[in-house]
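Let me begin by presenting the structure, written as structure tokens, before commenting on it.
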Amino acid sequence: DGGITQSPKYLFRKEGQNVTLSCEQNLNHDAMYWYRQDPGQGLRLIYYSQIVNDFQKGDIAEGYSVSREKKESFPLTVTSAQKNPTAFYLCASRYPSGANVLTFGAGSRLTVL
Amino acid sequence: GNSVTQMEGPVTLSEEAFLTINCTYTATGYPSLFWYVQYPGEGLQLLLKATKADDKGSNKGFEATYRKETTSFHLEKGSVQVSDSAVYFCALSDRRNSGYALNFGKGTSLLVTP
């Protein structure tokens with residue numbers, strides 16, 4: 001079945017450590033996205049990529065980094081510069097049609113101890 | 001950029017009650033509008049969408065109409081079930097420097113009791 005796979009589902013890290021969240025899709029979508037979800041704040045856009053080897057900062061990019069070396073993969077690194085990294089992270093990809101529909105993965109919950 | 005505001009929850013209803021979750025938007029141009037649903041511990045699933053004024057999106061008994069005159073996209077369902085308990089997000093498309101993204105409201109938690 002086609003879809004988006006995020007791993008790990010749960011991750012615990014000590015303060016000051018970098019951590020990389022994986023996002024893989026087999027939908028053949030060009031555009032991919034990372035959102036952060038906090039209770040009561042909805043989803044906020046971290047980074048997005050419209051095509052391989054290109055990505056753009058979203059609304060809350062500080063303390064995060066991404067790469068897009070393959071169409072299928074869009075990993076997100078949460079660096080030690082991110083002041084409040086504990087959150088639920090959602091990866092998505094966009095259908096190539098004009099309706100801008102996003103398909104989401106199941107999410108990764110990062111807890112920094 | 002474009003933004004949405006949706007009613008805060010939590011909303012608690014009895015089974016078979018009528019549901020309305022309000023969503024209004026601020027936008028330049030004519031964005032596409034969406035409702036997504038999130039069940040506990042999961043990602044978001046598209047519930048319905050509308051791409052132009054007066055369009056009605058519908059799915060699984062839920063409906064929402066794109067109202068340009070009131071800049072609204074309220075979600076309705078005539079008779080809710082316990083299985084509808086989830087968090088509902090209103091969203092709209094936003095043209096960015098490079099391509100498009102979706103901007104989301106803060107979410108409305110719905111609890112349906114038997």
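Labeling convention for the structure tokens: chains A, B, ... as they appear, residues from 1 per chain, ligands from 1 in order of appearance.
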
Subject >> Contacts of Gly43 (chain B) within 12 Å, only C-alpha atoms, excl. fewer than 5 positions in-chain, as a list of chain:residue names >> reply: A:Gly3, A:Ile4, A:Thr5, A:Gln6, A:Lys9, A:Tyr35, A:Arg36, A:Gln37, A:Leu43, A:Phe88, A:Tyr89, A:Leu90, A:Cys91, A:Ala92, A:Leu102, A:Thr103, A:Phe104, A:Gly105, A:Ala106, A:Gly107, A:Ser108, A:Arg109, B:Tyr36, B:Val37, B:Gln38, B:Ala86, B:Val87, B:Tyr88, B:Phe89

Taking 5 positions as the minimum chain separation for residues in the same chain, which residues sit within 12 Å of region 78-87 of chain A when counting only C-alpha atoms? Answer as a tab-separated table (two decimals) with N, CA, C and O atoms, in the first residue's frame.
chain	number	residue	atom	x	y	z
A	9	LYS	N	8.35	5.98	16.10
A	9	LYS	CA	7.07	6.52	16.56
A	9	LYS	C	7.25	7.27	17.88
A	9	LYS	O	6.60	8.29	18.11
A	10	TYR	N	8.12	6.75	18.73
A	10	TYR	CA	8.42	7.42	20.00
A	10	TYR	C	9.93	7.53	20.13
A	10	TYR	O	10.66	6.59	19.80
A	11	LEU	N	10.40	8.66	20.63
A	11	LEU	CA	11.83	8.89	20.76
A	11	LEU	C	12.08	9.72	22.01
A	11	LEU	O	11.43	10.75	22.22
A	12	PHE	N	13.04	9.26	22.80
A	12	PHE	CA	13.43	10.00	24.00
A	12	PHE	C	14.88	10.39	23.84
A	12	PHE	O	15.71	9.58	23.45
A	13	ARG	N	15.19	11.63	24.15
A	13	ARG	CA	16.57	12.11	24.04
A	13	ARG	C	16.89	13.02	25.21
A	13	ARG	O	16.00	13.64	25.80
A	14	LYS	N	18.16	13.10	25.49
A	14	LYS	CA	18.61	14.02	26.53
A	14	LYS	C	18.77	15.40	25.92
A	14	LYS	O	19.05	15.56	24.73
A	15	GLU	N	18.62	16.40	26.77
A	15	GLU	CA	18.79	17.77	26.33
A	15	GLU	C	20.19	17.96	25.76
A	15	GLU	O	21.16	17.42	26.28
A	16	GLY	N	20.27	18.70	24.64
A	16	GLY	CA	21.56	18.98	24.03
A	16	GLY	C	21.96	18.01	22.93
A	16	GLY	O	22.96	18.23	22.25
A	17	GLN	N	21.19	16.95	22.74
A	17	GLN	CA	21.49	15.98	21.69
A	17	GLN	C	20.70	16.30	20.44
A	17	GLN	O	19.52	16.68	20.52
A	18	ASN	N	21.34	16.12	19.28
A	18	ASN	CA	20.61	16.20	18.02
A	18	ASN	C	19.87	14.89	17.81
A	18	ASN	O	20.32	13.83	18.24
A	19	VAL	N	18.74	14.96	17.11
A	19	VAL	CA	18.00	13.75	16.79
A	19	VAL	C	17.42	13.90	15.38
A	19	VAL	O	17.01	14.99	14.99
A	20	THR	N	17.41	12.80	14.64
A	20	THR	CA	16.88	12.83	13.27
A	20	THR	C	15.65	11.95	13.17
A	20	THR	O	15.66	10.79	13.59
A	21	LEU	N	14.58	12.53	12.65
A	21	LEU	CA	13.32	11.82	12.41
A	21	LEU	C	13.24	11.45	10.93
A	21	LEU	O	13.48	12.29	10.06
A	22	SER	N	12.85	10.22	10.70
A	22	SER	CA	12.79	9.72	9.33
A	22	SER	C	11.39	9.88	8.74
A	22	SER	O	10.39	9.72	9.44
A	34	TRP	N	7.17	19.11	6.74
A	34	TRP	CA	7.26	18.77	8.16
A	34	TRP	C	6.47	19.80	8.96
A	34	TRP	O	6.66	21.02	8.79
A	35	TYR	N	5.59	19.28	9.84
A	35	TYR	CA	4.82	20.11	10.75
A	35	TYR	C	5.12	19.68	12.17
A	35	TYR	O	5.40	18.51	12.45
A	36	ARG	N	4.96	20.63	13.07
A	36	ARG	CA	5.08	20.36	14.49
A	36	ARG	C	3.71	20.59	15.12
A	36	ARG	O	3.03	21.57	14.81
A	37	GLN	N	3.31	19.68	16.01
A	37	GLN	CA	2.03	19.81	16.69
A	37	GLN	C	2.26	19.88	18.20
A	37	GLN	O	2.90	19.00	18.78
A	38	ASP	N	1.73	20.92	18.82
A	38	ASP	CA	1.75	21.09	20.27
A	38	ASP	C	0.31	21.22	20.74
A	38	ASP	O	-0.54	21.76	20.02
A	39	PRO	N	0.02	20.75	21.94
A	39	PRO	CA	-1.37	20.83	22.44
A	39	PRO	C	-1.91	22.26	22.38
A	39	PRO	O	-1.27	23.20	22.84
A	40	GLY	N	-3.08	22.40	21.80
A	40	GLY	CA	-3.74	23.70	21.75
A	40	GLY	C	-3.18	24.67	20.74
A	40	GLY	O	-3.64	25.81	20.65
A	41	GLN	N	-2.17	24.25	19.97
A	41	GLN	CA	-1.56	25.18	19.01
A	41	GLN	C	-1.72	24.74	17.57
A	41	GLN	O	-1.19	25.37	16.67
A	42	GLY	N	-2.39	23.66	17.33
A	42	GLY	CA	-2.55	23.21	15.96
A	42	GLY	C	-1.23	22.74	15.37
A	42	GLY	O	-0.32	22.32	16.09
A	43	LEU	N	-1.14	22.81	14.05
A	43	LEU	CA	0.06	22.38	13.34
A	43	LEU	C	0.79	23.62	12.82
A	43	LEU	O	0.16	24.52	12.26
A	44	ARG	N	2.10	23.61	12.98
A	44	ARG	CA	2.92	24.72	12.47
A	44	ARG	C	3.97	24.16	11.53
A	44	ARG	O	4.61	23.15	11.83
A	46	ILE	N	7.34	23.60	9.63
A	46	ILE	CA	8.76	23.73	9.95
A	46	ILE	C	9.57	23.94	8.67
A	46	ILE	O	10.27	24.94	8.51
A	47	TYR	N	9.50	22.99	7.76
A	47	TYR	CA	10.20	23.04	6.48
A	47	TYR	C	9.32	22.36	5.43
A	47	TYR	O	8.49	21.52	5.75
A	60	ILE	N	8.47	28.07	11.49
A	60	ILE	CA	9.20	27.87	12.75
A	60	ILE	C	10.45	27.03	12.50
A	60	ILE	O	10.71	26.05	13.17
A	61	ALA	N	11.29	27.43	11.55
A	61	ALA	CA	12.44	26.62	11.12
A	61	ALA	C	13.63	26.68	12.09
A	61	ALA	O	14.51	25.82	12.03
A	62	GLU	N	13.67	27.64	12.98
A	62	GLU	CA	14.84	27.80	13.84
A	62	GLU	C	15.06	26.57	14.71
A	62	GLU	O	14.14	26.10	15.39
A	63	GLY	N	16.29	26.04	14.68
A	63	GLY	CA	16.63	24.88	15.49
A	63	GLY	C	16.38	23.56	14.78
A	63	GLY	O	16.57	22.50	15.38
A	64	TYR	N	15.97	23.62	13.53
A	64	TYR	CA	15.72	22.42	12.73
A	64	TYR	C	16.54	22.46	11.44
A	64	TYR	O	16.90	23.53	10.98
A	65	SER	N	16.80	21.28	10.87
A	65	SER	CA	17.41	21.21	9.55
A	65	SER	C	16.83	20.01	8.81
A	65	SER	O	16.32	19.07	9.42
A	66	VAL	N	16.87	20.08	7.48
A	66	VAL	CA	16.34	19.00	6.64
A	66	VAL	C	17.29	18.77	5.47
A	66	VAL	O	18.18	19.56	5.20
A	107	GLY	N	3.13	10.10	12.42
A	107	GLY	CA	3.76	10.99	13.39
A	107	GLY	C	4.85	10.35	14.22
A	107	GLY	O	4.91	9.12	14.36
A	108	SER	N	5.72	11.21	14.75
A	108	SER	CA	6.77	10.80	15.68
A	108	SER	C	6.69	11.70	16.91
A	108	SER	O	6.67	12.92	16.77
A	109	ARG	N	6.65	11.06	18.07
A	109	ARG	CA	6.58	11.85	19.31
A	109	ARG	C	7.96	11.90	19.93
A	109	ARG	O	8.50	10.87	20.32
A	110	LEU	N	8.51	13.10	20.01
A	110	LEU	CA	9.83	13.32	20.58
A	110	LEU	C	9.69	13.90	21.98
A	110	LEU	O	8.99	14.90	22.16
A	111	THR	N	10.36	13.27	22.92
A	111	THR	CA	10.38	13.77	24.29
A	111	THR	C	11.83	14.00	24.69
A	111	THR	O	12.65	13.08	24.61
A	112	VAL	N	12.12	15.22	25.07
A	112	VAL	CA	13.48	15.55	25.52
A	112	VAL	C	13.48	15.62	27.04
A	112	VAL	O	12.70	16.37	27.64
A	113	LEU	N	14.35	14.84	27.62
A	113	LEU	CA	14.36	14.70	29.09
A	113	LEU	C	15.34	15.70	29.71
A	113	LEU	O	16.32	16.09	29.09

**OP:** For chain B, list the residues within 7 Å of chain A, counting only C-alpha atoms, and write the list as a count of residues only.
**Re:** 12

Run DSSP on the backbone and grab whatever in region 3-38 of chain A lands in strand (DSSP E); send it over as a PDB file with N, CA, C and O atoms, in the first residue's frame.
ATOM      1  N   ILE A   4       2.956   7.100   3.736  1.00  0.00           N
ATOM      2  CA  ILE A   4       4.096   7.770   4.342  1.00  0.00           C
ATOM      3  C   ILE A   4       4.454   7.046   5.631  1.00  0.00           C
ATOM      4  O   ILE A   4       3.581   6.803   6.470  1.00  0.00           O
ATOM      5  N   THR A   5       5.715   6.727   5.764  1.00  0.00           N
ATOM      6  CA  THR A   5       6.202   6.018   6.949  1.00  0.00           C
ATOM      7  C   THR A   5       7.114   6.931   7.743  1.00  0.00           C
ATOM      8  O   THR A   5       8.115   7.420   7.213  1.00  0.00           O
ATOM      9  N   GLN A   6       6.760   7.150   8.994  1.00  0.00           N
ATOM     10  CA  GLN A   6       7.596   7.938   9.883  1.00  0.00           C
ATOM     11  C   GLN A   6       8.185   7.018  10.954  1.00  0.00           C
ATOM     12  O   GLN A   6       7.511   6.153  11.490  1.00  0.00           O
ATOM     13  N   SER A   7       9.450   7.253  11.253  1.00  0.00           N
ATOM     14  CA  SER A   7      10.078   6.478  12.322  1.00  0.00           C
ATOM     15  C   SER A   7      11.122   7.319  13.032  1.00  0.00           C
ATOM     16  O   SER A   7      11.724   8.214  12.421  1.00  0.00           O
ATOM     17  N   TYR A  10       8.121   6.749  18.730  1.00  0.00           N
ATOM     18  CA  TYR A  10       8.424   7.417  19.999  1.00  0.00           C
ATOM     19  C   TYR A  10       9.934   7.535  20.128  1.00  0.00           C
ATOM     20  O   TYR A  10      10.662   6.592  19.797  1.00  0.00           O
ATOM     21  N   LEU A  11      10.399   8.662  20.631  1.00  0.00           N
ATOM     22  CA  LEU A  11      11.832   8.892  20.757  1.00  0.00           C
ATOM     23  C   LEU A  11      12.080   9.718  22.006  1.00  0.00           C
ATOM     24  O   LEU A  11      11.429  10.747  22.224  1.00  0.00           O
ATOM     25  N   PHE A  12      13.035   9.259  22.802  1.00  0.00           N
ATOM     26  CA  PHE A  12      13.429   9.996  23.996  1.00  0.00           C
ATOM     27  C   PHE A  12      14.884  10.393  23.839  1.00  0.00           C
ATOM     28  O   PHE A  12      15.712   9.581  23.448  1.00  0.00           O
ATOM     29  N   ARG A  13      15.188  11.631  24.145  1.00  0.00           N
ATOM     30  CA  ARG A  13      16.568  12.109  24.037  1.00  0.00           C
ATOM     31  C   ARG A  13      16.888  13.023  25.207  1.00  0.00           C
ATOM     32  O   ARG A  13      16.001  13.636  25.797  1.00  0.00           O
ATOM     33  N   VAL A  19      18.738  14.956  17.109  1.00  0.00           N
ATOM     34  CA  VAL A  19      17.996  13.754  16.787  1.00  0.00           C
ATOM     35  C   VAL A  19      17.417  13.899  15.385  1.00  0.00           C
ATOM     36  O   VAL A  19      17.008  14.991  14.988  1.00  0.00           O
ATOM     37  N   THR A  20      17.413  12.801  14.637  1.00  0.00           N
ATOM     38  CA  THR A  20      16.884  12.829  13.268  1.00  0.00           C
ATOM     39  C   THR A  20      15.648  11.954  13.174  1.00  0.00           C
ATOM     40  O   THR A  20      15.663  10.786  13.586  1.00  0.00           O
ATOM     41  N   LEU A  21      14.575  12.533  12.645  1.00  0.00           N
ATOM     42  CA  LEU A  21      13.322  11.822  12.411  1.00  0.00           C
ATOM     43  C   LEU A  21      13.240  11.454  10.934  1.00  0.00           C
ATOM     44  O   LEU A  21      13.484  12.286  10.064  1.00  0.00           O
ATOM     45  N   SER A  22      12.850  10.225  10.695  1.00  0.00           N
ATOM     46  CA  SER A  22      12.788   9.721   9.325  1.00  0.00           C
ATOM     47  C   SER A  22      11.394   9.883   8.742  1.00  0.00           C
ATOM     48  O   SER A  22      10.394   9.717   9.436  1.00  0.00           O
ATOM     49  N   CYS A  23      11.322  10.215   7.446  1.00  0.00           N
ATOM     50  CA  CYS A  23      10.065  10.266   6.715  1.00  0.00           C
ATOM     51  C   CYS A  23      10.303   9.708   5.316  1.00  0.00           C
ATOM     52  O   CYS A  23      11.127  10.245   4.570  1.00  0.00           O
ATOM     53  N   GLU A  24       9.596   8.639   4.978  1.00  0.00           N
ATOM     54  CA  GLU A  24       9.721   7.997   3.680  1.00  0.00           C
ATOM     55  C   GLU A  24       8.333   7.857   3.059  1.00  0.00           C
ATOM     56  O   GLU A  24       7.386   7.476   3.734  1.00  0.00           O
ATOM     57  N   GLN A  25       8.242   8.177   1.743  1.00  0.00           N
ATOM     58  CA  GLN A  25       6.958   8.019   1.058  1.00  0.00           C
ATOM     59  C   GLN A  25       7.155   7.234  -0.239  1.00  0.00           C
ATOM     60  O   GLN A  25       8.174   7.350  -0.897  1.00  0.00           O
ATOM     61  N   ALA A  31       6.270  17.015  -3.577  1.00  0.00           N
ATOM     62  CA  ALA A  31       6.344  17.935  -2.435  1.00  0.00           C
ATOM     63  C   ALA A  31       6.190  17.195  -1.113  1.00  0.00           C
ATOM     64  O   ALA A  31       5.328  16.332  -0.966  1.00  0.00           O
ATOM     65  N   MET A  32       7.023  17.587  -0.155  1.00  0.00           N
ATOM     66  CA  MET A  32       6.960  17.005   1.181  1.00  0.00           C
ATOM     67  C   MET A  32       7.080  18.101   2.233  1.00  0.00           C
ATOM     68  O   MET A  32       7.649  19.165   1.962  1.00  0.00           O
ATOM     69  N   TYR A  33       6.557  17.810   3.435  1.00  0.00           N
ATOM     70  CA  TYR A  33       6.415  18.825   4.476  1.00  0.00           C
ATOM     71  C   TYR A  33       6.702  18.231   5.852  1.00  0.00           C
ATOM     72  O   TYR A  33       6.432  17.055   6.093  1.00  0.00           O
ATOM     73  N   TRP A  34       7.171  19.106   6.741  1.00  0.00           N
ATOM     74  CA  TRP A  34       7.256  18.767   8.165  1.00  0.00           C
ATOM     75  C   TRP A  34       6.472  19.800   8.964  1.00  0.00           C
ATOM     76  O   TRP A  34       6.658  21.020   8.792  1.00  0.00           O
ATOM     77  N   TYR A  35       5.594  19.275   9.837  1.00  0.00           N
ATOM     78  CA  TYR A  35       4.825  20.110  10.750  1.00  0.00           C
ATOM     79  C   TYR A  35       5.117  19.680  12.175  1.00  0.00           C
ATOM     80  O   TYR A  35       5.405  18.511  12.451  1.00  0.00           O
ATOM     81  N   ARG A  36       4.963  20.626  13.066  1.00  0.00           N
ATOM     82  CA  ARG A  36       5.081  20.356  14.495  1.00  0.00           C
ATOM     83  C   ARG A  36       3.714  20.589  15.124  1.00  0.00           C
ATOM     84  O   ARG A  36       3.028  21.571  14.813  1.00  0.00           O
ATOM     85  N   GLN A  37       3.315  19.683  16.013  1.00  0.00           N
ATOM     86  CA  GLN A  37       2.031  19.815  16.691  1.00  0.00           C
ATOM     87  C   GLN A  37       2.255  19.875  18.196  1.00  0.00           C
ATOM     88  O   GLN A  37       2.902  19.005  18.783  1.00  0.00           O
ATOM     89  N   ASP A  38       1.732  20.919  18.821  1.00  0.00           N
ATOM     90  CA  ASP A  38       1.749  21.085  20.267  1.00  0.00           C
ATOM     91  C   ASP A  38       0.307  21.217  20.743  1.00  0.00           C
ATOM     92  O   ASP A  38      -0.543  21.763  20.020  1.00  0.00           O
TER      93      ASP A  38
END

Could you give me, as a short mmCIF file (atom, residue, chain, number, x, y, z; two decimals) with all heavy atoms, in the first residue's frame, the residues within 10 Å of Lys60 (chain B), counting only C-alpha atoms and dropping anything in the same chain fewer than 6 positions from it?
data_model
loop_
_atom_site.label_atom_id
_atom_site.label_comp_id
_atom_site.auth_asym_id
_atom_site.auth_seq_id
_atom_site.Cartn_x
_atom_site.Cartn_y
_atom_site.Cartn_z
N LEU B 47 -10.73 14.83 5.68
CA LEU B 47 -12.15 14.53 5.84
C LEU B 47 -12.94 15.02 4.63
O LEU B 47 -13.71 14.29 4.05
CB LEU B 47 -12.68 15.18 7.12
CG LEU B 47 -14.13 14.91 7.49
CD1 LEU B 47 -14.41 13.43 7.64
CD2 LEU B 47 -14.50 15.66 8.77
N LEU B 48 -12.72 16.28 4.26
CA LEU B 48 -13.38 16.83 3.08
C LEU B 48 -12.68 18.10 2.64
O LEU B 48 -11.88 18.66 3.39
CB LEU B 48 -14.87 17.09 3.35
CG LEU B 48 -15.24 17.93 4.55
CD1 LEU B 48 -15.17 19.43 4.26
CD2 LEU B 48 -16.64 17.58 5.05
N LYS B 77 -22.52 17.94 10.97
CA LYS B 77 -22.97 16.57 10.82
C LYS B 77 -24.31 16.43 11.54
O LYS B 77 -24.44 16.90 12.67
CB LYS B 77 -21.97 15.57 11.39
CG LYS B 77 -22.36 14.12 11.08
CD LYS B 77 -21.32 13.10 11.53
CE LYS B 77 -21.73 11.70 11.08
NZ LYS B 77 -20.78 10.65 11.53
N ASP B 84 -17.01 9.22 16.12
CA ASP B 84 -16.61 10.53 15.59
C ASP B 84 -15.74 11.30 16.58
O ASP B 84 -15.24 12.38 16.25
CB ASP B 84 -17.84 11.38 15.25
CG ASP B 84 -18.63 10.81 14.10
OD1 ASP B 84 -18.02 10.21 13.19
OD2 ASP B 84 -19.88 10.94 14.11
#

**OP:** Find the residues around His29 (chain A) up to 7 Å (only C-alpha atoms counted), leave out those fewer than 3 positions away in its own chain, and share them as a VMD selection string.
**Re:** chain A and resid 93 to 96

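With only C-alpha atoms taken into account, the protein and nucleic acid residues at most 9 Å from Thr65 (chain B) (excluding it and anything under 4 positions from it in its own chain) are Ala50, Ala53, Asp54, Asp55, Lys56, Gly57, Ser58, Ser72, Phe73, His74 and Leu75 of chain B.
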
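Going from CA of Val52 (chain A) to CA of Cys90 (chain B) covers 28.9 Å.
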